[in-house]
Amino acid sequence: MKQIFTLLLCIITIQLAAQNKATVFGTVKDGQTGAIIELTTVYIKQTNTAVESDLSGNYSIKVPAGKRLTLAFSRIGYKEGTIDVGPFTAGVSRKIDVALAPLESDIEVVVTDSRLDEAGMVKEEVTELKLLPTTTGNFESVLPHIALGTSGGTGGELSSQYNVRGGNYDENLVYVNDFEIYRPQLVRAGQQEGLTFPNIDLVRDLSFSSGGFEAKYGDKMSSVLDIKYKRPDSLRSSIGMSFLGGSAHVEGSKSIDDEGYRKFRYLVGARYKTTRYLLGSLDVQGEYTPNFADIQTYLTFDINRDIQIGLMGNYNSSEYQFIPTSRSTGLGLTDFALELFSVFEGQEVDDFKTYMGGVSMTYLPDRDRNPYYLKLLASSYQSDENERFDIIGYYRLAQIESDLGSEDAGDVVAVLGTGTQHQFVRNYLQSNVTNVEHKGGYEIQKDHDDWSTTSSHFIQWSAKFQHETINDELKEWERLDSAGYSLNFDPNTVQLKQVLKTTNNLSSNRFSTYIQDTYTFRQDSIRELKLSVGVRASYWDLNKEATITPRAQLLLKPLNWKKDIAFRFATGLYYQPPFYRELRNIEGVVNTNVKAQKSLHILGGFTWDFYTGKNKSTHYRFITEVYYKSLWDLVSYDIDNVRIRYSGENDATGYVTGIDMRINGEFVEGAESWINLSFLRARESLKGIQHLKREIGDPVAQNVKTVPRPTDQFMTLSMFFQDYLPKNENIKMHLNFSLGTGLPFGLLGNNDVYRNTYRFNAYHRVDIGFSILLWDMERRARKPKHFLRFSRSTWLSLEIFNLMKVSNVASNTWIKTITNTQYAIPNYLTSRRINLRLKMDF
């Protein structure tokens, strides 16, 4: 009995002691390279308690509840980092990440114990994304797999365009180091699309908001992607090559004085992409010659500890030449099958060239002396775009015998239509955007009698002037011949189906400004909140419209809950003044009276961080948001492949509502993965139009108040999953899975009353890659004569695109038969292809 009593007493004592403890855990990384740091000593300065981070950089340490403590992080070759923590409630867990600075660098140690992201922005490092199998070579193609409510556009795997919560690609903001990024306007198909601006080799991290973003971001209705480039402190470089192109970059720094306060940093990257190998799997056969290349640099010079000069430059060239020869496309069901066969004459030659240059000066004094910063930015963007088509297609649409038991299976049963389509295009567009912006911020710390309570205001402001010039020459005509008769039919003359010939020259100025206050309040062991309230104002002298858009975001995190949950609420007005594309209708006529498209965002959600595994070292994050967007003064549009064709009028109202969910974490220890699931409903109504809808089998059409928007995709599911061999982490697998219900479309030339009544088939695709680490620096001691010893690391990847060989649809070709019936013939995307990729870091 004494032994049993003693054992029970020990168990109770241990449990009571455990109940008086809290857990602090996190990840230790290199603040310069982002690499994990193993065997870092983590200790409590007030006690003798200490642990070490494991081989994945994770640590977990028990701390006394109810006490204020100092945690220290120490590792040979790095500066020591410390942070004051607590008091914690017994039984709670808190994640504290640390980025240690190498001794020889001039960067500071960063210790982060707040789980409140800036205004709800999703933040990601790019290390894990570099091995993601992608057909575009573009950074944005990864967004549907990591960002809330984001899906690929109709261009599929050939395009980097993305839709966010029912908006189109023109509704998305992109910033790189505070410079707003623009893109070509005339691209009409994914085959023509080249390299986008962000270069993943130069990126340090990214932030993404799917809506309800802060006033400091610009005037768009859907999303903002904010990218920060690296600030290198040592010489690094890389080379990548594959069947789809190649890339190279170099980065480094050089101290100008002995103290290291004056330092010159440089980032230079070059890329080349060719999709000829992919395009060979399309239905339209011919000679594809796509060549896309760019070179980019970001240079910074620290004049002293407080002032930095930055210079960004980019040259991008996209050339696409196509000589089609023939096409054979089959479609239909088991009881009714069709085949479109075409032969072609002529060619298509397109080239899109863009130039961007920007300079910035940042004044950031010592925060202890002067808690503010000032920044001046100036940039200029120019695009020269040319489209040249002269293609004649001779087509035959026939019904095919689909009875597999018939001797004539696969043969032509009846010819439904024959004809000729002659398309001639000579389009030229030059756009120039030049702007100057001042922005700044001032932090006000508030003193509290209670040392466990802290609060501050961070006031930010900006004023921006922008000048735009557009020179547009549009020359297009199309001749259609059906069964020997030209359309539109005229017994006396040959009529062209469509003729566009316009010249538009515009010059205008924009003014925009904002002011925003971010209030942060923290009461240790109780709550932490961040409230951001701001207002934007803009004016465009072309349409004489002024806009004022208030916005607010609230993030709240209880610190005394055992579950690590943070709540987010946001609302505001998001107006989008038109750019040139919204002004021009499908006839090429420009309407300078188009006003800003307008939306009201209301959203709420939460982020739940939870931990599993040994010592709760494996971190998972679940995010969900519910949103509603009211839309008015919309400029309606139709989408053909990736080409957005606007009506040129504020002729629609609508709404979007939905829910987004995402979970990410190490489903396999040491390998980060993401899963996104979204549901939405995007509806609109054209002004002055009574929309009708006819159900299958119903002879009478019914009145409907709203119809689907072109981006009304009910469900999207995307996943990026990583794994590795159980006994060899140097061999990895990367799985990229996308599934989306069909997007709507309507009849060609008659898509108003019965609007968007049809839908494409669901888009689903699996890309998979297998990567092997051929060499890294840790092997140098074991293999000093390895043939790759000159590199820091070398990865070789085998990628299989469209593993399941699914025939996804990008758009339709409309064919009219002898009986005046229109058939939508699908234009399929690429089939299965295998790619080999080599990535070397130096």
# chains A, B, ... in the order shown; residues from 1 in each chain; ligands from 1
$ residues_around --residues "stretch 247-254 of chain A" --least-positions-apart "3" --cutoff "6 Å" --atoms "only C-alpha atoms" --output "ChimeraX atom specification"
/A:232-240,263-271
$ closest_atom_pairs --of "stretch 704-765 of chain A" --to "stretch 152-168 of chain A" --cutoff "12 Å" --atoms "only C-alpha atoms" --output "Markdown table"
| residue | atom | partner | partner_atom | distance |
| --- | --- | --- | --- | --- |
| A:Pro708 | CA | A:Gly166 | CA | 10.2 |
| A:Arg709 | CA | A:Gly166 | CA | 7.8 |
| A:Pro710 | CA | A:Gly166 | CA | 8.4 |
| A:Thr711 | CA | A:Gly166 | CA | 5.3 |
| A:Asp712 | CA | A:Gly166 | CA | 6.1 |
| A:Gln713 | CA | A:Gly166 | CA | 7.5 |
| A:Phe714 | CA | A:Gly166 | CA | 9.6 |
| A:Met715 | CA | A:Arg165 | CA | 10.9 |
| A:Thr716 | CA | A:Gly152 | CA | 9.5 |
| A:Leu717 | CA | A:Gly152 | CA | 11.0 |
| A:Ser718 | CA | A:Gly152 | CA | 10.0 |
| A:Asn736 | CA | A:Glu157 | CA | 11.5 |
| A:Phe737 | CA | A:Glu157 | CA | 11.7 |
| A:Ser738 | CA | A:Gly152 | CA | 9.0 |
| A:Leu739 | CA | A:Gly152 | CA | 10.0 |
| A:Gly740 | CA | A:Gly152 | CA | 9.0 |
| A:Thr741 | CA | A:Thr154 | CA | 11.7 |
| A:Gly742 | CA | A:Thr154 | CA | 9.7 |
| A:Leu743 | CA | A:Thr154 | CA | 8.0 |
| A:Pro744 | CA | A:Thr154 | CA | 10.5 |
| A:Phe745 | CA | A:Thr154 | CA | 11.1 |
| A:Arg759 | CA | A:Thr154 | CA | 11.9 |
| A:Phe760 | CA | A:Thr154 | CA | 9.8 |
| A:Asn761 | CA | A:Thr154 | CA | 11.4 |
| A:Ala762 | CA | A:Thr154 | CA | 11.1 |
| A:Tyr763 | CA | A:Gly156 | CA | 8.3 |
| A:His764 | CA | A:Gly156 | CA | 9.8 |
| A:Arg765 | CA | A:Glu157 | CA | 9.0 |
$ closest_atom_pairs --of "stretch 501-615 of chain A" --to "stretch 427-450 of chain A" --cutoff "10 Å" --atoms "only C-alpha atoms" --output "JSON lines"
{"residue": "A:Lys501", "atom": "CA", "partner": "A:Asn427", "partner_atom": "CA", "distance": 9.4}
{"residue": "A:Thr502", "atom": "CA", "partner": "A:Asn427", "partner_atom": "CA", "distance": 9.8}
{"residue": "A:Thr503", "atom": "CA", "partner": "A:Tyr428", "partner_atom": "CA", "distance": 9.6}
{"residue": "A:Asn504", "atom": "CA", "partner": "A:Leu429", "partner_atom": "CA", "distance": 9.5}
{"residue": "A:Asn505", "atom": "CA", "partner": "A:Gln430", "partner_atom": "CA", "distance": 9.7}
{"residue": "A:Leu506", "atom": "CA", "partner": "A:Ser431", "partner_atom": "CA", "distance": 9.5}
{"residue": "A:Ser507", "atom": "CA", "partner": "A:Asn432", "partner_atom": "CA", "distance": 9.5}
{"residue": "A:Ser508", "atom": "CA", "partner": "A:Val433", "partner_atom": "CA", "distance": 9.9}
{"residue": "A:Asn509", "atom": "CA", "partner": "A:Asn435", "partner_atom": "CA", "distance": 9.5}
{"residue": "A:Arg510", "atom": "CA", "partner": "A:Asn435", "partner_atom": "CA", "distance": 9.0}
{"residue": "A:Phe511", "atom": "CA", "partner": "A:Asn435", "partner_atom": "CA", "distance": 9.6}
{"residue": "A:Ser512", "atom": "CA", "partner": "A:Glu437", "partner_atom": "CA", "distance": 9.2}
{"residue": "A:Thr513", "atom": "CA", "partner": "A:Glu437", "partner_atom": "CA", "distance": 9.2}
{"residue": "A:Tyr514", "atom": "CA", "partner": "A:Lys439", "partner_atom": "CA", "distance": 9.3}
{"residue": "A:Ile515", "atom": "CA", "partner": "A:Gly441", "partner_atom": "CA", "distance": 9.6}
{"residue": "A:Gln516", "atom": "CA", "partner": "A:Gly441", "partner_atom": "CA", "distance": 9.2}
{"residue": "A:Asp517", "atom": "CA", "partner": "A:Gly441", "partner_atom": "CA", "distance": 9.4}
{"residue": "A:Thr518", "atom": "CA", "partner": "A:Glu443", "partner_atom": "CA", "distance": 9.3}
{"residue": "A:Tyr519", "atom": "CA", "partner": "A:Ile444", "partner_atom": "CA", "distance": 9.5}
{"residue": "A:Thr520", "atom": "CA", "partner": "A:Gln445", "partner_atom": "CA", "distance": 9.7}
{"residue": "A:Phe521", "atom": "CA", "partner": "A:Lys446", "partner_atom": "CA", "distance": 9.7}
{"residue": "A:Gln523", "atom": "CA", "partner": "A:Asp450", "partner_atom": "CA", "distance": 9.1}
{"residue": "A:Tyr580", "atom": "CA", "partner": "A:Ser431", "partner_atom": "CA", "distance": 9.1}
$ write_last_selection --atoms "N, CA, C and O atoms" --output "PDB file, in the first residue's frame"
ATOM      1  N   LYS A 501     -11.823  49.016 -87.678  1.00  0.00           N
ATOM      2  CA  LYS A 501     -10.737  49.889 -88.101  1.00  0.00           C
ATOM      3  C   LYS A 501     -10.859  51.202 -87.338  1.00  0.00           C
ATOM      4  O   LYS A 501     -11.678  52.055 -87.670  1.00  0.00           O
ATOM      5  N   THR A 502     -10.059  51.335 -86.294  1.00  0.00           N
ATOM      6  CA  THR A 502     -10.113  52.533 -85.465  1.00  0.00           C
ATOM      7  C   THR A 502      -8.706  52.938 -85.052  1.00  0.00           C
ATOM      8  O   THR A 502      -7.777  52.115 -85.029  1.00  0.00           O
ATOM      9  N   THR A 503      -8.559  54.195 -84.722  1.00  0.00           N
ATOM     10  CA  THR A 503      -7.322  54.727 -84.155  1.00  0.00           C
ATOM     11  C   THR A 503      -7.690  55.544 -82.925  1.00  0.00           C
ATOM     12  O   THR A 503      -8.543  56.451 -83.008  1.00  0.00           O
ATOM     13  N   ASN A 504      -7.085  55.232 -81.801  1.00  0.00           N
ATOM     14  CA  ASN A 504      -7.386  55.918 -80.549  1.00  0.00           C
ATOM     15  C   ASN A 504      -6.087  56.387 -79.902  1.00  0.00           C
ATOM     16  O   ASN A 504      -5.148  55.597 -79.741  1.00  0.00           O
ATOM     17  N   ASN A 505      -6.051  57.668 -79.539  1.00  0.00           N
ATOM     18  CA  ASN A 505      -4.908  58.258 -78.849  1.00  0.00           C
ATOM     19  C   ASN A 505      -5.422  58.979 -77.616  1.00  0.00           C
ATOM     20  O   ASN A 505      -6.273  59.886 -77.719  1.00  0.00           O
ATOM     21  N   LEU A 506      -4.926  58.562 -76.468  1.00  0.00           N
ATOM     22  CA  LEU A 506      -5.371  59.144 -75.209  1.00  0.00           C
ATOM     23  C   LEU A 506      -4.180  59.611 -74.383  1.00  0.00           C
ATOM     24  O   LEU A 506      -3.116  58.983 -74.404  1.00  0.00           O
ATOM     25  N   SER A 507      -4.380  60.695 -73.661  1.00  0.00           N
ATOM     26  CA  SER A 507      -3.390  61.184 -72.701  1.00  0.00           C
ATOM     27  C   SER A 507      -4.146  61.661 -71.474  1.00  0.00           C
ATOM     28  O   SER A 507      -5.107  62.439 -71.601  1.00  0.00           O
ATOM     29  N   SER A 508      -3.751  61.179 -70.310  1.00  0.00           N
ATOM     30  CA  SER A 508      -4.513  61.511 -69.106  1.00  0.00           C
ATOM     31  C   SER A 508      -3.614  61.489 -67.882  1.00  0.00           C
ATOM     32  O   SER A 508      -2.478  60.987 -67.917  1.00  0.00           O
ATOM     33  N   ASN A 509      -4.146  62.035 -66.790  1.00  0.00           N
ATOM     34  CA  ASN A 509      -3.432  62.104 -65.514  1.00  0.00           C
ATOM     35  C   ASN A 509      -4.317  61.559 -64.405  1.00  0.00           C
ATOM     36  O   ASN A 509      -5.535  61.779 -64.408  1.00  0.00           O
ATOM     37  N   ARG A 510      -3.683  60.864 -63.487  1.00  0.00           N
ATOM     38  CA  ARG A 510      -4.378  60.354 -62.305  1.00  0.00           C
ATOM     39  C   ARG A 510      -3.701  60.879 -61.046  1.00  0.00           C
ATOM     40  O   ARG A 510      -2.472  61.008 -60.989  1.00  0.00           O
ATOM     41  N   PHE A 511      -4.516  61.111 -60.024  1.00  0.00           N
ATOM     42  CA  PHE A 511      -4.022  61.513 -58.720  1.00  0.00           C
ATOM     43  C   PHE A 511      -4.638  60.581 -57.683  1.00  0.00           C
ATOM     44  O   PHE A 511      -5.836  60.281 -57.731  1.00  0.00           O
ATOM     45  N   SER A 512      -3.837  60.114 -56.758  1.00  0.00           N
ATOM     46  CA  SER A 512      -4.365  59.248 -55.702  1.00  0.00           C
ATOM     47  C   SER A 512      -3.613  59.514 -54.410  1.00  0.00           C
ATOM     48  O   SER A 512      -2.442  59.924 -54.414  1.00  0.00           O
ATOM     49  N   THR A 513      -4.300  59.280 -53.308  1.00  0.00           N
ATOM     50  CA  THR A 513      -3.701  59.478 -51.993  1.00  0.00           C
ATOM     51  C   THR A 513      -4.407  58.577 -50.988  1.00  0.00           C
ATOM     52  O   THR A 513      -5.527  58.117 -51.231  1.00  0.00           O
ATOM     53  N   TYR A 514      -3.744  58.309 -49.885  1.00  0.00           N
ATOM     54  CA  TYR A 514      -4.389  57.582 -48.796  1.00  0.00           C
ATOM     55  C   TYR A 514      -3.757  57.985 -47.475  1.00  0.00           C
ATOM     56  O   TYR A 514      -2.634  58.494 -47.422  1.00  0.00           O
ATOM     57  N   ILE A 515      -4.498  57.764 -46.418  1.00  0.00           N
ATOM     58  CA  ILE A 515      -3.980  57.863 -45.055  1.00  0.00           C
ATOM     59  C   ILE A 515      -4.574  56.717 -44.265  1.00  0.00           C
ATOM     60  O   ILE A 515      -5.744  56.364 -44.451  1.00  0.00           O
ATOM     61  N   GLN A 516      -3.758  56.107 -43.427  1.00  0.00           N
ATOM     62  CA  GLN A 516      -4.165  54.885 -42.727  1.00  0.00           C
ATOM     63  C   GLN A 516      -3.524  54.852 -41.354  1.00  0.00           C
ATOM     64  O   GLN A 516      -2.350  55.181 -41.193  1.00  0.00           O
ATOM     65  N   ASP A 517      -4.308  54.439 -40.379  1.00  0.00           N
ATOM     66  CA  ASP A 517      -3.800  54.282 -39.009  1.00  0.00           C
ATOM     67  C   ASP A 517      -3.994  52.838 -38.583  1.00  0.00           C
ATOM     68  O   ASP A 517      -5.105  52.292 -38.665  1.00  0.00           O
ATOM     69  N   THR A 518      -2.908  52.213 -38.161  1.00  0.00           N
ATOM     70  CA  THR A 518      -2.961  50.845 -37.653  1.00  0.00           C
ATOM     71  C   THR A 518      -2.697  50.867 -36.156  1.00  0.00           C
ATOM     72  O   THR A 518      -1.599  51.231 -35.716  1.00  0.00           O
ATOM     73  N   TYR A 519      -3.717  50.515 -35.405  1.00  0.00           N
ATOM     74  CA  TYR A 519      -3.621  50.507 -33.944  1.00  0.00           C
ATOM     75  C   TYR A 519      -3.386  49.075 -33.480  1.00  0.00           C
ATOM     76  O   TYR A 519      -4.154  48.160 -33.807  1.00  0.00           O
ATOM     77  N   THR A 520      -2.310  48.865 -32.737  1.00  0.00           N
ATOM     78  CA  THR A 520      -1.965  47.546 -32.203  1.00  0.00           C
ATOM     79  C   THR A 520      -2.028  47.592 -30.686  1.00  0.00           C
ATOM     80  O   THR A 520      -1.444  48.485 -30.059  1.00  0.00           O
ATOM     81  N   PHE A 521      -2.725  46.641 -30.108  1.00  0.00           N
ATOM     82  CA  PHE A 521      -2.865  46.561 -28.651  1.00  0.00           C
ATOM     83  C   PHE A 521      -2.583  45.136 -28.215  1.00  0.00           C
ATOM     84  O   PHE A 521      -3.087  44.179 -28.807  1.00  0.00           O
ATOM     85  N   GLN A 523      -2.204  42.809 -24.596  1.00  0.00           N
ATOM     86  CA  GLN A 523      -2.233  42.610 -23.149  1.00  0.00           C
ATOM     87  C   GLN A 523      -1.850  41.162 -22.904  1.00  0.00           C
ATOM     88  O   GLN A 523      -2.619  40.249 -23.198  1.00  0.00           O
ATOM     89  N   TYR A 580      -7.302  51.381 -70.028  1.00  0.00           N
ATOM     90  CA  TYR A 580      -7.720  51.526 -71.423  1.00  0.00           C
ATOM     91  C   TYR A 580      -8.640  50.402 -71.887  1.00  0.00           C
ATOM     92  O   TYR A 580      -9.616  50.634 -72.618  1.00  0.00           O
TER      93      TYR A 580
END
$ closest_atom_pairs --of "stretch 504-583 of chain A" --to "stretch 57-72 of chain A" --cutoff "12 Å" --atoms "only C-alpha atoms" --output "tab-separated table"
residue	atom	partner	partner_atom	distance
A:Asp524	CA	A:Arg68	CA	9.8
A:Ser525	CA	A:Gly66	CA	8.7
A:Ile526	CA	A:Gly66	CA	12.0
A:Asn560	CA	A:Gly66	CA	11.5
$ atom_distance --atom1 "atom CA of A:Val700" --atom2 "atom CA of A:Gly746"
18.8 Å
$ residues_around --residues "A:Asp411" --least-positions-apart "5" --cutoff "9 Å" --atoms "only C-alpha atoms" --output "list of chain:residue names"
A:Gln399, A:Ile400, A:Glu401, A:Ser402
$ write_last_selection --atoms "N, CA, C and O atoms" --output "short mmCIF file (atom, residue, chain, number, x, y, z; two decimals), in the first residue's frame"
data_model
loop_
_atom_site.label_atom_id
_atom_site.label_comp_id
_atom_site.auth_asym_id
_atom_site.auth_seq_id
_atom_site.Cartn_x
_atom_site.Cartn_y
_atom_site.Cartn_z
N GLN A 399 -20.79 14.57 -89.21
CA GLN A 399 -21.24 13.60 -88.21
C GLN A 399 -20.53 12.28 -88.47
O GLN A 399 -20.42 11.82 -89.61
N ILE A 400 -20.04 11.67 -87.38
CA ILE A 400 -19.24 10.45 -87.47
C ILE A 400 -20.06 9.28 -86.94
O ILE A 400 -20.79 9.41 -85.95
N GLU A 401 -19.93 8.14 -87.59
CA GLU A 401 -20.58 6.93 -87.10
C GLU A 401 -19.96 6.54 -85.76
O GLU A 401 -18.77 6.27 -85.66
N SER A 402 -20.80 6.54 -84.72
CA SER A 402 -20.30 6.28 -83.37
C SER A 402 -20.61 4.89 -82.85
O SER A 402 -20.22 4.55 -81.73
#
$ residues_around --residues "stretch 304-314 of chain A" --least-positions-apart "6" --cutoff "9 Å" --atoms "only C-alpha atoms" --output "list in words"
Phe197, Tyr261, Arg262, Lys263, Asp294, Ile295, Gln296, Thr297, Tyr298, Thr354, Tyr355, Met356, Gly357, Gly358, Val359, Ser360, Met361, Thr362, Tyr363, Leu364, Pro365, Asp366 and Ser379 of chain A
$ residues_around --residues "A:Ala701" --least-positions-apart "4" --cutoff "12 Å" --atoms "only C-alpha atoms" --output "PyMOL selection string"
chain A and resi 690-697+753-754
$ write_last_selection --atoms "N, CA and C atoms" --output "mmCIF file, in the first residue's frame"
data_model
loop_
_atom_site.group_PDB
_atom_site.id
_atom_site.type_symbol
_atom_site.label_atom_id
_atom_site.label_comp_id
_atom_site.auth_asym_id
_atom_site.auth_seq_id
_atom_site.Cartn_x
_atom_site.Cartn_y
_atom_site.Cartn_z
ATOM 1 N N GLN A 690 -33.996 42.185 -69.899
ATOM 2 C CA GLN A 690 -34.726 41.177 -69.137
ATOM 3 C C GLN A 690 -34.128 39.814 -69.488
ATOM 4 N N HIS A 691 -33.365 39.263 -68.561
ATOM 5 C CA HIS A 691 -32.690 37.989 -68.822
ATOM 6 C C HIS A 691 -33.687 36.840 -68.785
ATOM 7 N N LEU A 692 -33.451 35.881 -69.669
ATOM 8 C CA LEU A 692 -34.304 34.693 -69.751
ATOM 9 C C LEU A 692 -33.453 33.447 -69.579
ATOM 10 N N LYS A 693 -34.113 32.390 -69.102
ATOM 11 C CA LYS A 693 -33.457 31.096 -68.960
ATOM 12 C C LYS A 693 -34.456 30.013 -69.303
ATOM 13 N N ARG A 694 -34.027 29.086 -70.158
ATOM 14 C CA ARG A 694 -34.903 27.981 -70.544
ATOM 15 C C ARG A 694 -34.286 26.674 -70.073
ATOM 16 N N GLU A 695 -35.012 25.966 -69.218
ATOM 17 C CA GLU A 695 -34.556 24.672 -68.741
ATOM 18 C C GLU A 695 -34.730 23.617 -69.837
ATOM 19 N N ILE A 696 -33.922 22.563 -69.749
ATOM 20 C CA ILE A 696 -34.007 21.476 -70.725
ATOM 21 C C ILE A 696 -35.405 20.848 -70.679
ATOM 22 N N GLY A 697 -36.022 20.758 -71.838
ATOM 23 C CA GLY A 697 -37.355 20.176 -71.928
ATOM 24 C C GLY A 697 -38.475 21.153 -71.670
ATOM 25 N N VAL A 753 -29.555 38.482 -73.615
ATOM 26 C CA VAL A 753 -30.809 38.029 -73.004
ATOM 27 C C VAL A 753 -30.617 36.649 -72.386
ATOM 28 N N TYR A 754 -30.233 35.665 -73.210
ATOM 29 C CA TYR A 754 -29.861 34.344 -72.690
ATOM 30 C C TYR A 754 -28.347 34.399 -72.432
#
$ residues_around --residues "stretch 334-351 of chain A" --least-positions-apart "3" --cutoff "8 Å" --atoms "only C-alpha atoms" --output "VMD selection string"
chain A and resid 192 317 to 331 385 to 403 825
$ select_by_dssp --residues "stretch 448-576 of chain A" --states "strand (DSSP E or B)" --output "count of residues only"
100
$ residues_around --residues "A:Phe622" --least-positions-apart "2" --cutoff "12 Å" --atoms "only C-alpha atoms" --output "PyMOL selection string"
chain A and resi 122+146+148+564-567+605-611+619-620+624-625+660-665+674-677
$ atom_distance --atom1 "atom CA of A:Leu829" --atom2 "atom CA of A:Val766"
13.5 Å
$ atom_distance --atom1 "atom CA of A:Leu103" --atom2 "atom CA of A:Leu206"
26.2 Å
$ closest_residue --among "A:Ile800, A:Val413, A:Leu725, A:Ile644" --to "A:Tyr169" --atoms "only C-alpha atoms"
A:Ile644
